[in-house]
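Visitor: Let me give you the structure first, and then I'll get to my questions.
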Amino acid sequence: MPELPEVETVRVALEPVISGQTIESVRLTRENLRWPLPEHLDKRLLGQCCSVPKRRSKYILIDLSNEETLLIHLGMSGAIRLYDQKPNFAKHDHFSVEFTSGQWVVFSDPRRFGHLDLFASDATCKHPLLSGLGVEPLSDEFTDSVLASLMKGRTTPIKSALLDQRLIAGLGNIYVSEALFRAGISPRRKAGTIAGQRARRLTEAIKVVLREAINAGGTSLRNHIQPGGEIGYFVQDLRVYGQAGQPCVDCGQGIKQIIQSGRSSFYCSSCQR
Ligand SMILES: [Zn+2]
């Protein structure tokens, strides 16, 4: 499932292909993905010029010359591929855009949990998927004092609070587990106790694990020699996520796996307190 770094990798890959480019044709094979798609999506995109793609949380936002904005959400299994010429479409290639440059952007989504939307650009901050989102973890606004004030008084485990998109936008299970390990903080610790040194360590760890993953995505992007390779999925150096029973890289003790709010948490009970 794509998390923030994967989506950012896709955004970076799209940037040179679509920025300032005009949409020549649109191929749409369905009227719905997770939800119904906007009416006449294909016709409304034709002839529009795309601005530099942006990202908010796990959403890609592309402002168009008609003052509408295209939102792309990859969902659980969505993937984007780029082609220098018209591709041979596969079964799950639900949305494809050809640019006047001759390049194609293809969105495939086998499980159809993804979403596409098109709305007036000046309504972006009121969009139901975007309006309630918390602070962007890689932005300058996300500081240790902001983290501490977001967590203050909360009795839920820190793991669950970090996954709450209304507090911090875009963090998922993988990077929360990794950030808590780097910060030496147990996923079971009460969120309200995150302040001072702990807040500093955790803020730094969140930014570091996200940046490292984005860099890994960039590396995998440069290694995509064959056109049409899926963007946004890459192998990363995960220290605790999915490592249950493996020795901790710091102390050698076995990594534990517990379930919190229905989702797996991985941690070292010796290094993380
Ligand atoms: Zn350890």
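In the structure tokens, the first chain shown is A, the next is B, and so on; residue numbers restart at 1 for each chain, and ligands run from 1 in the order shown.
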Let me have all residues with an atom within 8 Å of ligand 1, counting only C-alpha atoms and all ligand atoms, laid out as a PyMOL selection string.
Guide: chain A and resi 247-255+268-272
Visitor: Which residues, written as an MDAnalysis selection string, have at least one atom at most 9 Å from range 129-144 of chain A, with only C-alpha atoms counted and residues fewer than 6 positions away on the same chain left out?
Guide: chainID A and resid 56:57 59 164:171 195:204 206:207 210:211
Visitor: List the neighbours of Thr100 in chain A out to 12 Å using only C-alpha atoms; skip same-chain residues closer than 6 positions along the sequence, and give me the result as a ChimeraX atom specification.
Guide: /A:17-26,46-50,84-86
Visitor: Could you pull the residues within 12 Å of Asp122 in chain A, counting only C-alpha atoms, minus those fewer than 3 positions along the same chain, as a list in words?
Guide: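 Residues meeting the cut-off are Asp63, Leu64, Asn66, Glu67, Glu68, Thr69, Leu118, Phe119, Cys125, Lys126 and His127 of chain A.
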Visitor: Within range 64-164 of chain A, find each residue whose DSSP state, derived from the backbone, is alpha helix (DSSP H), and express the selection as a ChimeraX atom specification.
Guide: /A:144-151,158-163
Visitor: Can you pull out every residue within 10 Å of Lys54 in chain A, counting only C-alpha atoms, but drop anything in the same chain fewer than 2 positions away, and send it as a list in words?
Guide: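 Listed by chain and then number, they are Glu8, Arg11, Val12, Leu14, Glu15, Ser51, Val52, Arg56, Tyr59, Ile60, Leu61, Ile62, Asp63 and Leu71 of chain A.
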Visitor: Now that the selection is made, can you save its residues with C-alpha atoms as a PDB file, in the first residue's frame?
Guide:
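Saved to out12.pdb:
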```pdb
ATOM      1  CA  GLU A   8       6.015  11.620  -3.255  1.00  0.00           C
ATOM      2  CA  ARG A  11       4.831  13.043  -7.811  1.00  0.00           C
ATOM      3  CA  VAL A  12       8.532  13.572  -8.533  1.00  0.00           C
ATOM      4  CA  LEU A  14       5.288  12.891 -12.922  1.00  0.00           C
ATOM      5  CA  GLU A  15       6.784  16.370 -12.639  1.00  0.00           C
ATOM      6  CA  SER A  51       0.832  22.672 -13.638  1.00  0.00           C
ATOM      7  CA  VAL A  52       3.606  21.205 -11.493  1.00  0.00           C
ATOM      8  CA  ARG A  56      -0.968  16.707   0.200  1.00  0.00           C
ATOM      9  CA  TYR A  59      -2.980  12.647  -2.563  1.00  0.00           C
ATOM     10  CA  ILE A  60      -1.476  14.002  -5.772  1.00  0.00           C
ATOM     11  CA  LEU A  61      -3.004  17.297  -6.876  1.00  0.00           C
ATOM     12  CA  ILE A  62      -2.634  18.689 -10.391  1.00  0.00           C
ATOM     13  CA  ASP A  63      -3.934  22.193 -11.110  1.00  0.00           C
ATOM     14  CA  LEU A  71      -6.863  14.648  -7.470  1.00  0.00           C
TER      15      LEU A  71
END
```
Visitor: Which residues of range 130-208 of chain A have any atom within 12 Å of an atom in range 262-267 of chain A when counting only C-alpha atoms, and what is the closest pair of atoms for each, with the distance in Å to one decimal? Order the rows by chain and rising number and write it as a tab-separated table.
Guide:
```
residue	atom	partner	partner_atom	distance
A:Pro157	CA	A:Ser265	CA	11.2
A:Ile158	CA	A:Ser265	CA	11.3
A:Lys159	CA	A:Ser265	CA	8.0
A:Ser160	CA	A:Arg263	CA	9.4
A:Leu163	CA	A:Arg263	CA	10.5
A:Gly172	CA	A:Arg263	CA	10.6
A:Asn173	CA	A:Ser265	CA	7.6
A:Ile174	CA	A:Ser265	CA	8.8
A:Tyr175	CA	A:Ser265	CA	10.8
A:Val176	CA	A:Ser265	CA	8.9
A:Ser177	CA	A:Phe266	CA	6.2
A:Glu178	CA	A:Phe266	CA	8.5
A:Ala179	CA	A:Tyr267	CA	10.4
A:Leu180	CA	A:Tyr267	CA	8.0
A:Phe181	CA	A:Tyr267	CA	6.4
A:Arg182	CA	A:Tyr267	CA	10.2
A:Ala183	CA	A:Tyr267	CA	11.3
A:Gly184	CA	A:Tyr267	CA	9.3
A:Ile185	CA	A:Tyr267	CA	9.0
A:Ser186	CA	A:Tyr267	CA	7.0
A:Pro187	CA	A:Ser265	CA	7.1
A:Arg188	CA	A:Ser265	CA	9.2
A:Arg189	CA	A:Tyr267	CA	11.9
```
Visitor: Write the residues of the selection above to a file with C-alpha atoms, as a compact mmCIF listing (two decimals), in the first residue's frame.
Guide:
```
# COMPACT_ATOMS: atom_id res chain seq x y z
CA PRO A 157 -1.00 4.78 22.52
CA ILE A 158 1.43 6.97 20.57
CA LYS A 159 1.26 4.49 17.68
CA SER A 160 -2.48 5.11 17.20
CA LEU A 163 -1.74 7.14 12.51
CA GLY A 172 1.10 4.95 7.75
CA ASN A 173 1.90 1.75 9.62
CA ILE A 174 5.35 1.15 8.12
CA TYR A 175 6.91 4.56 8.78
CA VAL A 176 5.28 4.99 12.19
CA SER A 177 6.84 1.68 13.31
CA GLU A 178 10.23 2.70 11.90
CA ALA A 179 10.12 6.22 13.37
CA LEU A 180 9.21 4.96 16.85
CA PHE A 181 12.15 2.53 16.71
CA ARG A 182 14.59 5.27 15.66
CA ALA A 183 13.29 7.48 18.47
CA GLY A 184 13.51 4.68 21.07
CA ILE A 185 9.84 5.10 21.96
CA SER A 186 7.49 2.16 22.58
CA PRO A 187 4.38 2.10 20.37
CA ARG A 188 2.42 1.39 23.60
CA ARG A 189 3.49 4.59 25.37
```
Visitor: Please identify which residues in range 18-250 of chain A DSSP calls strand (DSSP E) from the backbone, and express them as number ranges by chain.
Guide: A: 23-28, 54-56, 59-63, 68-73, 79-83, 93-99, 104-108, 115-120
Visitor: Pick the closest to Arg44 in chain A from A:Glu6, A:Asp93, A:Asp109, A:Asp117: which is it, counting only C-alpha atoms?
Guide: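 Checking each candidate against Arg44 in chain A, we get A:Asp117 as the closest.
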Visitor: Distance CA of Arg81 in chain A-CA of Phe107 in chain A, one decimal place?
Guide: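 Result for CA of Arg81 in chain A versus CA of Phe107 in chain A: 6.7 Å, one decimal.
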Visitor: Do you have the CA of Leu33 in chain A-CA of Lys58 in chain A distance handy?
Guide: 16.7 Å
Visitor: Extract, using only C-alpha atoms, all DNA, RNA and protein residues at most 9 Å from Ala213 in chain A, discarding same-chain residues fewer than 2 positions from it, and format them as a tab-separated table (two decimals) with N, CA and C atoms, in the first residue's frame.
Guide:
```tsv
chain	number	residue	atom	x	y	z
A	5	PRO	N	5.98	8.41	1.25
A	5	PRO	CA	7.18	8.44	0.40
A	5	PRO	C	6.93	7.89	-1.01
A	6	GLU	N	6.07	6.85	-1.10
A	6	GLU	CA	5.76	6.28	-2.41
A	6	GLU	C	5.01	7.31	-3.26
A	175	TYR	N	5.99	3.49	8.36
A	175	TYR	CA	6.91	4.56	8.78
A	175	TYR	C	6.70	4.97	10.23
A	208	VAL	N	13.34	11.88	9.30
A	208	VAL	CA	14.46	11.11	8.75
A	208	VAL	C	13.95	9.86	8.01
A	209	VAL	N	13.02	9.10	8.62
A	209	VAL	CA	12.58	7.87	7.94
A	209	VAL	C	11.82	8.20	6.65
A	210	LEU	N	11.05	9.28	6.67
A	210	LEU	CA	10.34	9.65	5.44
A	210	LEU	C	11.32	10.09	4.35
A	211	ARG	N	12.30	10.92	4.73
A	211	ARG	CA	13.27	11.40	3.73
A	211	ARG	C	14.11	10.26	3.18
A	215	ASN	N	14.29	9.17	-0.69
A	215	ASN	CA	15.56	9.02	-1.40
A	215	ASN	C	15.69	7.63	-2.02
A	216	ALA	N	15.24	6.60	-1.27
A	216	ALA	CA	15.27	5.23	-1.81
A	216	ALA	C	14.37	5.15	-3.03
A	217	GLY	N	13.22	5.83	-2.98
A	217	GLY	CA	12.31	5.85	-4.13
A	217	GLY	C	12.97	6.52	-5.32
A	218	GLY	N	13.68	7.61	-5.06
A	218	GLY	CA	14.39	8.30	-6.14
A	218	GLY	C	15.44	7.40	-6.77
A	234	PHE	N	9.23	0.38	-3.90
A	234	PHE	CA	10.65	0.15	-3.84
A	234	PHE	C	11.01	-0.57	-2.55
A	236	GLN	N	13.01	-1.07	0.77
A	236	GLN	CA	13.66	-0.18	1.71
A	236	GLN	C	14.30	-0.94	2.84
A	237	ASP	N	15.13	-0.21	3.56
A	237	ASP	CA	15.82	-0.77	4.70
A	237	ASP	C	14.93	-0.60	5.93
```
Visitor: If you take only C-alpha atoms and a cut-off of 7 Å, which residues of range 82-165 of chain A touch range 34-39 of chain A, and what are their nearest atom pairs and distances in Å to one decimal, in chain and number order, as a tab-separated table?
Guide:
```
residue	atom	partner	partner_atom	distance
A:Arg112	CA	A:Arg34	CA	5.6
A:Phe113	CA	A:Arg34	CA	4.7
A:Gly114	CA	A:Arg34	CA	5.7
A:His115	CA	A:Arg34	CA	5.9
A:Leu116	CA	A:Leu37	CA	6.2
A:Asp117	CA	A:Pro38	CA	5.9
A:Leu118	CA	A:Pro38	CA	6.3
```
Visitor: Deliver the residues from the most recent selection as a file, using N, CA and C atoms, as a tab-separated table (two decimals), in the first residue's frame.
Guide:
```
chain	number	residue	atom	x	y	z
A	112	ARG	N	-9.12	-1.48	-7.09
A	112	ARG	CA	-10.03	-0.33	-7.22
A	112	ARG	C	-10.37	0.33	-5.88
A	113	PHE	N	-9.35	0.53	-5.05
A	113	PHE	CA	-9.52	1.34	-3.85
A	113	PHE	C	-9.02	2.77	-4.08
A	114	GLY	N	-8.52	3.02	-5.26
A	114	GLY	CA	-8.03	4.34	-5.59
A	114	GLY	C	-9.18	5.29	-5.91
A	115	HIS	N	-8.82	6.53	-6.20
A	115	HIS	CA	-9.86	7.51	-6.48
A	115	HIS	C	-9.30	8.61	-7.38
A	116	LEU	N	-10.18	9.13	-8.24
A	116	LEU	CA	-9.86	10.30	-9.05
A	116	LEU	C	-10.95	11.32	-8.81
A	117	ASP	N	-10.58	12.58	-8.70
A	117	ASP	CA	-11.61	13.60	-8.57
A	117	ASP	C	-11.17	14.84	-9.33
A	118	LEU	N	-12.15	15.67	-9.69
A	118	LEU	CA	-11.88	16.90	-10.44
A	118	LEU	C	-12.83	17.96	-9.89
```
